[in-house]
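Please read the structure below before turning to the comments.
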Amino acid sequence: MAKALFHKSQRVFVKPVGTWAVIETVVPHWVKDVNEPLRITYDCGLGRAFQAHELSSEQAVHNQNRIVDGDEDMMLEHWHIDRRTIKWRPSEFGVTLANPGTYPVVATDEGAAGGWRVSGGEYDRDPQRIEHEARMIVHTPDLMRIARRIAEYASDNPDAMPGELKPVAQTCASILRNVYRLDEEITVAAE
């Protein structure tokens, strides 16, 4: 059974939308003859109800810059590639790739509804490039975790860092500042 993780009027970060919102309504979904709701969704006034895994509390977002052993960044998820059937042309004209008649879609949420997609014309123009982009995008969260660990290690142990790796650590820190600066701008704009 489900328990509410957030409450009405709580300010949360809505990950699929990438903005802050206030929970307007906690919506329990009941099943007949069951004492507790089967699931709970949250209406944030953004056009649809969101599940708990799509939301982060203010405290969780503020603590995301601290990595504790085994603790993952709230904003970095495990993305994966889904294959969708090509509907804009017959499969006999498919490109000779690993999965003929399909194209990649990078799913960035658990429901595989949100993420990265391409138009049919763009995929037909250069399918190898699109397949390569999909593989790059799906591994971006892992690369961000690695960049963060390198930058944190260099910051915590400046004397232990080999001279050849210092520019790499500086580049990692610069990339992280660029990525998370966008989140800070969103936070400031929403406040």
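In the structure tokens, each chain is lettered A, B, ... as it comes, each chain's residues begin at 1, and ligands are numbered from 1 in order of appearance.
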
Write out as an MDAnalysis selection string which residues come within 8 Å of Glu24 in chain A when counting only C-alpha atoms, dropping same-chain ones fewer than 5 positions away. chainID A and resid 8:9 42:45

Quick one: residues within 10 Å of Pro104 in chain A, only C-alpha atoms, excluding same-chain residues fewer than 3 positions away - as JSON, numbers by chain? {"A": [80, 81, 82, 83, 84, 85, 86, 99, 107, 116, 117, 118, 123, 127, 130, 131, 132, 133, 134, 135]}

How far is it from CA of Leu165 in chain A to CA of His78 in chain A, in Å with one decimal? 27.4 Å

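With CA of Ser56 in chain A on one side and CA of Val26 in chain A on the other, the separation reads 14.9 Å.
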
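Residue-level DSSP output for range 1-68 of chain A, from the backbone, shows helix (DSSP H, G or I) at Ala52, His53, Glu54, Glu58, Gln59, Ala60, Val61 and His62 of chain A.
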
Those residues you just picked out, can you put them in a file as a compact mmCIF listing (two decimals), in the first residue's frame with all heavy atoms?
# COMPACT_ATOMS: atom_id res chain seq x y z
N ALA A 52 5.43 10.14 -6.76
CA ALA A 52 6.44 10.57 -5.80
C ALA A 52 7.85 10.52 -6.38
O ALA A 52 8.67 11.39 -6.08
CB ALA A 52 6.35 9.71 -4.54
N HIS A 53 8.17 9.53 -7.22
CA HIS A 53 9.53 9.43 -7.76
C HIS A 53 9.85 10.57 -8.73
O HIS A 53 11.01 10.80 -9.05
CB HIS A 53 9.75 8.07 -8.44
CG HIS A 53 9.04 7.92 -9.75
ND1 HIS A 53 7.75 7.45 -9.82
CD2 HIS A 53 9.43 8.17 -11.01
CE1 HIS A 53 7.38 7.43 -11.09
NE2 HIS A 53 8.38 7.86 -11.83
N GLU A 54 8.83 11.31 -9.18
CA GLU A 54 9.05 12.43 -10.09
C GLU A 54 9.26 13.75 -9.34
O GLU A 54 9.53 14.77 -9.96
CB GLU A 54 7.85 12.58 -11.04
CG GLU A 54 7.65 11.38 -11.94
CD GLU A 54 6.40 11.50 -12.79
OE1 GLU A 54 5.29 11.59 -12.21
OE2 GLU A 54 6.55 11.51 -14.02
N GLU A 58 12.53 20.12 -1.10
CA GLU A 58 13.56 21.16 -1.08
C GLU A 58 14.81 20.66 -0.37
O GLU A 58 15.93 20.90 -0.82
CB GLU A 58 13.04 22.41 -0.37
CG GLU A 58 12.16 23.26 -1.22
CD GLU A 58 11.78 24.56 -0.52
OE1 GLU A 58 10.88 24.51 0.33
OE2 GLU A 58 12.40 25.58 -0.83
N GLN A 59 14.63 19.96 0.73
CA GLN A 59 15.77 19.48 1.50
C GLN A 59 16.59 18.49 0.69
O GLN A 59 17.82 18.55 0.69
CB GLN A 59 15.29 18.83 2.79
CG GLN A 59 16.43 18.37 3.68
CD GLN A 59 15.93 17.78 4.98
OE1 GLN A 59 14.73 17.65 5.19
NE2 GLN A 59 16.84 17.41 5.85
N ALA A 60 15.94 17.59 -0.04
CA ALA A 60 16.67 16.61 -0.85
C ALA A 60 17.46 17.29 -1.96
O ALA A 60 18.59 16.91 -2.25
CB ALA A 60 15.70 15.59 -1.44
N VAL A 61 16.88 18.32 -2.58
CA VAL A 61 17.57 19.02 -3.65
C VAL A 61 18.76 19.80 -3.10
O VAL A 61 19.83 19.82 -3.70
CB VAL A 61 16.60 19.95 -4.42
CG1 VAL A 61 17.35 20.84 -5.39
CG2 VAL A 61 15.57 19.12 -5.16
N HIS A 62 18.59 20.43 -1.93
CA HIS A 62 19.70 21.18 -1.34
C HIS A 62 20.83 20.28 -0.88
O HIS A 62 21.98 20.69 -0.84
CB HIS A 62 19.20 22.05 -0.18
CG HIS A 62 18.35 23.20 -0.64
ND1 HIS A 62 18.83 24.19 -1.48
CD2 HIS A 62 17.05 23.49 -0.42
CE1 HIS A 62 17.86 25.04 -1.73
NE2 HIS A 62 16.77 24.64 -1.11

May I have the residues within 12 Å of range 46-51 of chain A as a count of residues only, using only C-alpha atoms and disregarding those fewer than 2 positions away in the same chain? 36

May I have the residues within 7 Å of range 148-156 of chain A as a list in words, using only C-alpha atoms and disregarding those fewer than 5 positions away in the same chain?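 Contacts, with the query itself left out: Met161, Ala169, Gln170, Cys172, Ala173 and Leu176 of chain A.
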
Any chance you can output those residues with N, CA, C and O atoms as a PDB file, in the first residue's frame?
ATOM      1  N   MET A 161      46.710  14.801  -5.972  1.00  0.00           N
ATOM      2  CA  MET A 161      46.294  14.732  -7.374  1.00  0.00           C
ATOM      3  C   MET A 161      47.520  14.864  -8.279  1.00  0.00           C
ATOM      4  O   MET A 161      48.246  15.855  -8.188  1.00  0.00           O
ATOM      5  N   ALA A 169      40.547  17.408 -13.734  1.00  0.00           N
ATOM      6  CA  ALA A 169      39.687  17.717 -12.593  1.00  0.00           C
ATOM      7  C   ALA A 169      39.096  19.115 -12.722  1.00  0.00           C
ATOM      8  O   ALA A 169      37.929  19.337 -12.385  1.00  0.00           O
ATOM      9  N   GLN A 170      39.896  20.072 -13.219  1.00  0.00           N
ATOM     10  CA  GLN A 170      39.388  21.430 -13.405  1.00  0.00           C
ATOM     11  C   GLN A 170      38.292  21.459 -14.471  1.00  0.00           C
ATOM     12  O   GLN A 170      37.281  22.149 -14.318  1.00  0.00           O
ATOM     13  N   CYS A 172      36.323  18.921 -15.221  1.00  0.00           N
ATOM     14  CA  CYS A 172      35.157  18.279 -14.592  1.00  0.00           C
ATOM     15  C   CYS A 172      34.407  19.280 -13.715  1.00  0.00           C
ATOM     16  O   CYS A 172      33.179  19.368 -13.778  1.00  0.00           O
ATOM     17  N   ALA A 173      35.145  20.045 -12.911  1.00  0.00           N
ATOM     18  CA  ALA A 173      34.513  21.039 -12.034  1.00  0.00           C
ATOM     19  C   ALA A 173      33.804  22.108 -12.853  1.00  0.00           C
ATOM     20  O   ALA A 173      32.700  22.542 -12.504  1.00  0.00           O
ATOM     21  N   LEU A 176      30.544  20.658 -14.239  1.00  0.00           N
ATOM     22  CA  LEU A 176      29.549  20.555 -13.163  1.00  0.00           C
ATOM     23  C   LEU A 176      28.974  21.918 -12.806  1.00  0.00           C
ATOM     24  O   LEU A 176      27.773  22.048 -12.574  1.00  0.00           O
TER      25      LEU A 176
END
